[in-house]
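Colleague: Got a structure here, written out as structure tokens. Questions coming.
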Amino acid sequence: MGGVFGVASKTDCSLDLFFGVDYHSHLGTSKGGLAVFTDNGKFEHSIHNIKNSPFRTKFENDIDELHGKLGIGCISDYEPQPLLVNSHLGSFAITTVGLISNKDELIKEVRENSSTHFLEMSGGEINQTELVVTLIDQKKTILEGIQYVQEKIKGSMTMLIMTSEGIYAARDKLGRTPLQIGHKDGAYCVSFESFAYVNLGYTDCHELGPAEVVFINSDGYKILQKPGDKMKICTFLWIYYGYPTSSYEGVNVEQMRYNCGKFLAMRDKDSVHPDSVAGVPDSGTAHAVGYANESGIPFTRPFIKYTPTWPRSFMPTNQEQRNLIAHMKLIPVEPLIKGRKILLIDDSIVRGTQLRETTDFLYNSGAKEVHIRPACPPLVFGCKYLNFSRSKSEMDLITRRIIREFEGENVSDEILAKYCDPDSPEYAKMVEEIRKQLHFTTLRFHRLDDMLDSTGLDHCKLCTYCWNGVE
């Protein structure tokens, strides 16, 4: 996924920038970066690999050298950024979050129409932020360039562009990722996560709408392009990626997760009788609290995540390493497991390997039954809009592997639609096979309509592609 943060201040902004970016560390897996416009009129930046070390430890020395009144930074899922640019539009720094799903097509088009070249990253990939720069540079102004990017790319692209005068902030065309402006005396900031500036003294000021573009300086912000009419914000932000204290479109992440648990409990009423409800730490915990509150079944923590040294389990690129880390960081509390019937809530089931190991881990610790309730429907389609999964193929999804077992290699959209319908026999057959393969006592996924109702937003504003293939 990734996250971005920017500051425009009348005084030095380096500490606000440092901590604001650090508060996005839960969103990224690969690189961290900071860029400032210094008081002596130069753009300076620093980028570090954060795969094995937290953002703070890599940048705490750099921040002593990066001083200025304007700054942007990011936690990046893959590519190194922010980039420093010198073009016919002047000098600027840029950072982005999103996914260009038609990247190869755009690169080919750019090369055919100009002599532009791209620097290769490791593995032969081209930095998508560099591609964004190339598209922007084809226009006469930065604003026109941003509008051109919004028009040309498929996928999503939210960006911050820092010039010597201020920061352009542009939300993705369909608002798949958020951007919010905060304000305090003498400074404005812009942030992917709304909570990231609260402890820095900022208060909510303005949430950008889909495709909205604003220009921010220390005196305020100016809307350069009004929001579009259509929005498709990523629902998975509430289910998993978003930090509990954040809000998107006025809906708090933690509250939405409580609501999810409530709806799960309402669907489950009198169908199972567990001794306790638990959440897979940490993203399943709030869902489990909502379930426990609604059902009256006690909430417990049968295992505790050891966080001082273990990174998030999705960070390594190797699946075996991810599975090992997911296992190693969960420590059992045997008195809360042995002889008990446990209902366990996780945010989702992707490949299924980690949850199967967690379930076996509970059985080996003495659990009598393990009932699984994912907080979202079965994931059937790989995301085309955001880097929220490292899966290279939809066949990494346990649902698609099982559908292939049932239907063969070539599966039509019509057949997939049946497996997405919670009232169809195909769906029931798939869920039962997942239950058997992953060793669950029972399995019931969250229904799509219940999950969307948990946000309180109009369903048409929420992206559901990974669950039903609807764009």
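As shown in the structure tokens, the chain order sets the letters A, B, ...; within each chain, residues go from 1, and ligands are also counted from 1 in the order they appear.
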How close does segment 105-169 of chain A get to segment 211-233 of chain A? List, as a tab-separated table, each residue of segment 105-169 of chain A within 8 Å, its nearest atom pair and the distance in Å to one decimal, counting only C-alpha atoms.
Modeller:
residue	atom	partner	partner_atom	distance
A:Leu143	CA	A:Leu224	CA	7.8
A:Gln150	CA	A:Ala211	CA	7.4
A:Glu165	CA	A:Asn217	CA	7.1
A:Gly166	CA	A:Asn217	CA	4.7
A:Ile167	CA	A:Ile216	CA	5.1
A:Tyr168	CA	A:Phe215	CA	4.5
A:Ala169	CA	A:Val214	CA	5.4
Colleague: Export N, CA and C atoms of the chosen residues as a CSV table (one decimal), in the first residue's frame?
Modeller:
chain,number,residue,atom,x,y,z
A,143,LEU,N,-0.3,21.6,-12.5
A,143,LEU,CA,-1.7,21.2,-12.4
A,143,LEU,C,-2.2,20.5,-13.6
A,150,GLN,N,-4.2,11.8,-14.0
A,150,GLN,CA,-5.5,11.3,-13.5
A,150,GLN,C,-6.3,10.7,-14.7
A,165,GLU,N,7.4,26.9,-3.5
A,165,GLU,CA,6.3,27.8,-3.0
A,165,GLU,C,5.3,27.0,-2.1
A,166,GLY,N,5.2,25.7,-2.3
A,166,GLY,CA,4.2,25.0,-1.5
A,166,GLY,C,4.1,23.6,-2.0
A,167,ILE,N,3.0,22.9,-1.6
A,167,ILE,CA,2.8,21.5,-1.9
A,167,ILE,C,1.5,21.3,-2.7
A,168,TYR,N,1.5,20.7,-3.8
A,168,TYR,CA,0.3,20.2,-4.5
A,168,TYR,C,-0.1,18.9,-3.9
A,169,ALA,N,-1.3,18.7,-3.5
A,169,ALA,CA,-1.8,17.5,-3.0
A,169,ALA,C,-3.0,17.0,-3.9
Colleague: Could you find all residues in segment 416-467 of chain A that DSSP calls strand (DSSP E or B) from the backbone, and write them as a PyMOL selection string?
Modeller: chain A and resi 442-443+462-463
Colleague: I need the helix (DSSP H, G or I) residues of segment 279-445 of chain A per DSSP on the backbone, written as a PyMOL selection string.
Modeller: chain A and resi 285-295+319-328+334-336+353-364+394-396+398-407+413-420+425-438
Colleague: Which residues come within 12 Å of Gly279 of chain A, counting only C-alpha atoms, excluding same-chain residues fewer than 5 positions away, as a PyMOL selection string?
Modeller: chain A and resi 257-258+261+284-292+298-305+342-348+355+358+370-375
Colleague: Please produce an output containing C-alpha atoms for each residue in the selection, written as a PDB file, in the first residue's frame.
Modeller:
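Full text of part-v2.pdb as output:
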ATOM      1  CA  ARG A 257     -14.560  -2.988  12.822  1.00  0.00           C
ATOM      2  CA  TYR A 258     -16.819  -3.135  15.888  1.00  0.00           C
ATOM      3  CA  GLY A 261     -18.157  -7.953  14.475  1.00  0.00           C
ATOM      4  CA  GLY A 284      -8.896  -9.097  14.019  1.00  0.00           C
ATOM      5  CA  THR A 285      -9.125  -7.787  17.579  1.00  0.00           C
ATOM      6  CA  ALA A 286     -11.648  -4.970  17.110  1.00  0.00           C
ATOM      7  CA  HIS A 287     -13.886  -7.193  14.980  1.00  0.00           C
ATOM      8  CA  ALA A 288     -13.808  -9.752  17.790  1.00  0.00           C
ATOM      9  CA  VAL A 289     -14.712  -7.139  20.422  1.00  0.00           C
ATOM     10  CA  GLY A 290     -17.720  -6.129  18.319  1.00  0.00           C
ATOM     11  CA  TYR A 291     -18.786  -9.771  18.034  1.00  0.00           C
ATOM     12  CA  ALA A 292     -18.387 -10.356  21.786  1.00  0.00           C
ATOM     13  CA  PRO A 298     -16.701 -13.352  26.576  1.00  0.00           C
ATOM     14  CA  PHE A 299     -13.810 -11.800  24.679  1.00  0.00           C
ATOM     15  CA  THR A 300     -10.416 -13.305  25.510  1.00  0.00           C
ATOM     16  CA  ARG A 301      -6.865 -13.149  24.183  1.00  0.00           C
ATOM     17  CA  PRO A 302      -5.745 -16.796  23.878  1.00  0.00           C
ATOM     18  CA  PHE A 303      -2.474 -15.734  22.322  1.00  0.00           C
ATOM     19  CA  ILE A 304      -0.447 -12.560  22.509  1.00  0.00           C
ATOM     20  CA  LYS A 305       1.650 -11.127  19.724  1.00  0.00           C
ATOM     21  CA  ILE A 342     -12.929 -20.679  20.520  1.00  0.00           C
ATOM     22  CA  LEU A 343     -14.489 -18.463  17.875  1.00  0.00           C
ATOM     23  CA  LEU A 344     -11.624 -16.715  16.101  1.00  0.00           C
ATOM     24  CA  ILE A 345     -11.935 -13.656  13.865  1.00  0.00           C
ATOM     25  CA  ASP A 346      -9.289 -12.629  11.347  1.00  0.00           C
ATOM     26  CA  ASP A 347      -9.477  -9.687   8.953  1.00  0.00           C
ATOM     27  CA  SER A 348      -9.477 -11.938   5.865  1.00  0.00           C
ATOM     28  CA  LEU A 355      -4.668 -19.086   9.447  1.00  0.00           C
ATOM     29  CA  THR A 358      -2.789 -20.588  13.676  1.00  0.00           C
ATOM     30  CA  VAL A 370     -11.973 -23.475  16.480  1.00  0.00           C
ATOM     31  CA  HIS A 371     -14.707 -21.569  14.631  1.00  0.00           C
ATOM     32  CA  ILE A 372     -13.421 -19.054  12.049  1.00  0.00           C
ATOM     33  CA  ARG A 373     -15.220 -15.835  11.101  1.00  0.00           C
ATOM     34  CA  PRO A 374     -13.288 -13.671   8.571  1.00  0.00           C
ATOM     35  CA  ALA A 375     -14.254  -9.990   8.733  1.00  0.00           C
TER      36      ALA A 375
END
Colleague: Taking only C-alpha atoms into account, which of A:Tyr385, A:Phe19, A:Phe236, A:Tyr78 comes nearest Lys173 of chain A?
Modeller: A:Tyr385
Colleague: One decimal, Å: what's the distance from atom CA of Pro332 of chain A over to atom CA of Thr442 of chain A, could you say?
Modeller: 21.4 Å
Colleague: I'd like the contact shell of Phe406 of chain A - 10 Å cut-off, only C-alpha atoms, skipping same-chain residues fewer than 6 positions apart - returned as a PDB file with all heavy atoms, in the first residue's frame.
Modeller:
ATOM      1  N   ARG A 400      -9.496 -19.159  -5.476  1.00  0.00           N
ATOM      2  CA  ARG A 400      -9.300 -19.446  -6.886  1.00  0.00           C
ATOM      3  C   ARG A 400      -8.701 -20.838  -7.096  1.00  0.00           C
ATOM      4  O   ARG A 400      -9.006 -21.503  -8.098  1.00  0.00           O
ATOM      5  CB  ARG A 400      -8.423 -18.370  -7.527  1.00  0.00           C
ATOM      6  CG  ARG A 400      -9.095 -17.008  -7.583  1.00  0.00           C
ATOM      7  CD  ARG A 400     -10.411 -17.034  -8.357  1.00  0.00           C
ATOM      8  NE  ARG A 400     -10.193 -17.080  -9.781  1.00  0.00           N
ATOM      9  CZ  ARG A 400     -10.109 -16.014 -10.554  1.00  0.00           C
ATOM     10  NH1 ARG A 400     -10.244 -14.795 -10.038  1.00  0.00           N
ATOM     11  NH2 ARG A 400      -9.900 -16.130 -11.842  1.00  0.00           N
ATOM     12  N   GLU A 426     -22.766 -23.021  -5.190  1.00  0.00           N
ATOM     13  CA  GLU A 426     -21.335 -22.980  -5.509  1.00  0.00           C
ATOM     14  C   GLU A 426     -20.555 -22.321  -4.371  1.00  0.00           C
ATOM     15  O   GLU A 426     -19.470 -22.788  -3.987  1.00  0.00           O
ATOM     16  CB  GLU A 426     -21.099 -22.226  -6.816  1.00  0.00           C
ATOM     17  CG  GLU A 426     -21.544 -22.958  -8.058  1.00  0.00           C
ATOM     18  CD  GLU A 426     -23.023 -22.788  -8.357  1.00  0.00           C
ATOM     19  OE1 GLU A 426     -23.728 -22.104  -7.573  1.00  0.00           O
ATOM     20  OE2 GLU A 426     -23.482 -23.337  -9.380  1.00  0.00           O
ATOM     21  N   LYS A 429     -20.360 -24.684  -1.407  1.00  0.00           N
ATOM     22  CA  LYS A 429     -19.409 -25.759  -1.696  1.00  0.00           C
ATOM     23  C   LYS A 429     -17.966 -25.269  -1.507  1.00  0.00           C
ATOM     24  O   LYS A 429     -17.122 -25.975  -0.939  1.00  0.00           O
ATOM     25  CB  LYS A 429     -19.641 -26.260  -3.129  1.00  0.00           C
ATOM     26  CG  LYS A 429     -18.770 -27.419  -3.558  1.00  0.00           C
ATOM     27  CD  LYS A 429     -19.102 -27.786  -5.008  1.00  0.00           C
ATOM     28  CE  LYS A 429     -18.176 -28.895  -5.516  1.00  0.00           C
ATOM     29  NZ  LYS A 429     -18.440 -29.204  -6.949  1.00  0.00           N
ATOM     30  N   MET A 430     -17.671 -24.057  -2.002  1.00  0.00           N
ATOM     31  CA  MET A 430     -16.333 -23.485  -1.863  1.00  0.00           C
ATOM     32  C   MET A 430     -15.973 -23.255  -0.400  1.00  0.00           C
ATOM     33  O   MET A 430     -14.872 -23.609   0.051  1.00  0.00           O
ATOM     34  CB  MET A 430     -16.260 -22.160  -2.631  1.00  0.00           C
ATOM     35  CG  MET A 430     -14.950 -21.406  -2.490  1.00  0.00           C
ATOM     36  SD  MET A 430     -14.974 -19.787  -3.312  1.00  0.00           S
ATOM     37  CE  MET A 430     -16.139 -18.886  -2.266  1.00  0.00           C
TER      38      MET A 430
END
Colleague: Env of Leu200 of chain A: 12 Å cut, atoms = only C-alpha atoms, seq-sep filter 3 positions within chain, self excluded. Answer as an MDAnalysis selection string.
Modeller: chainID A and resid 7 13:21 23 182:185 187:189 194:197 203:204
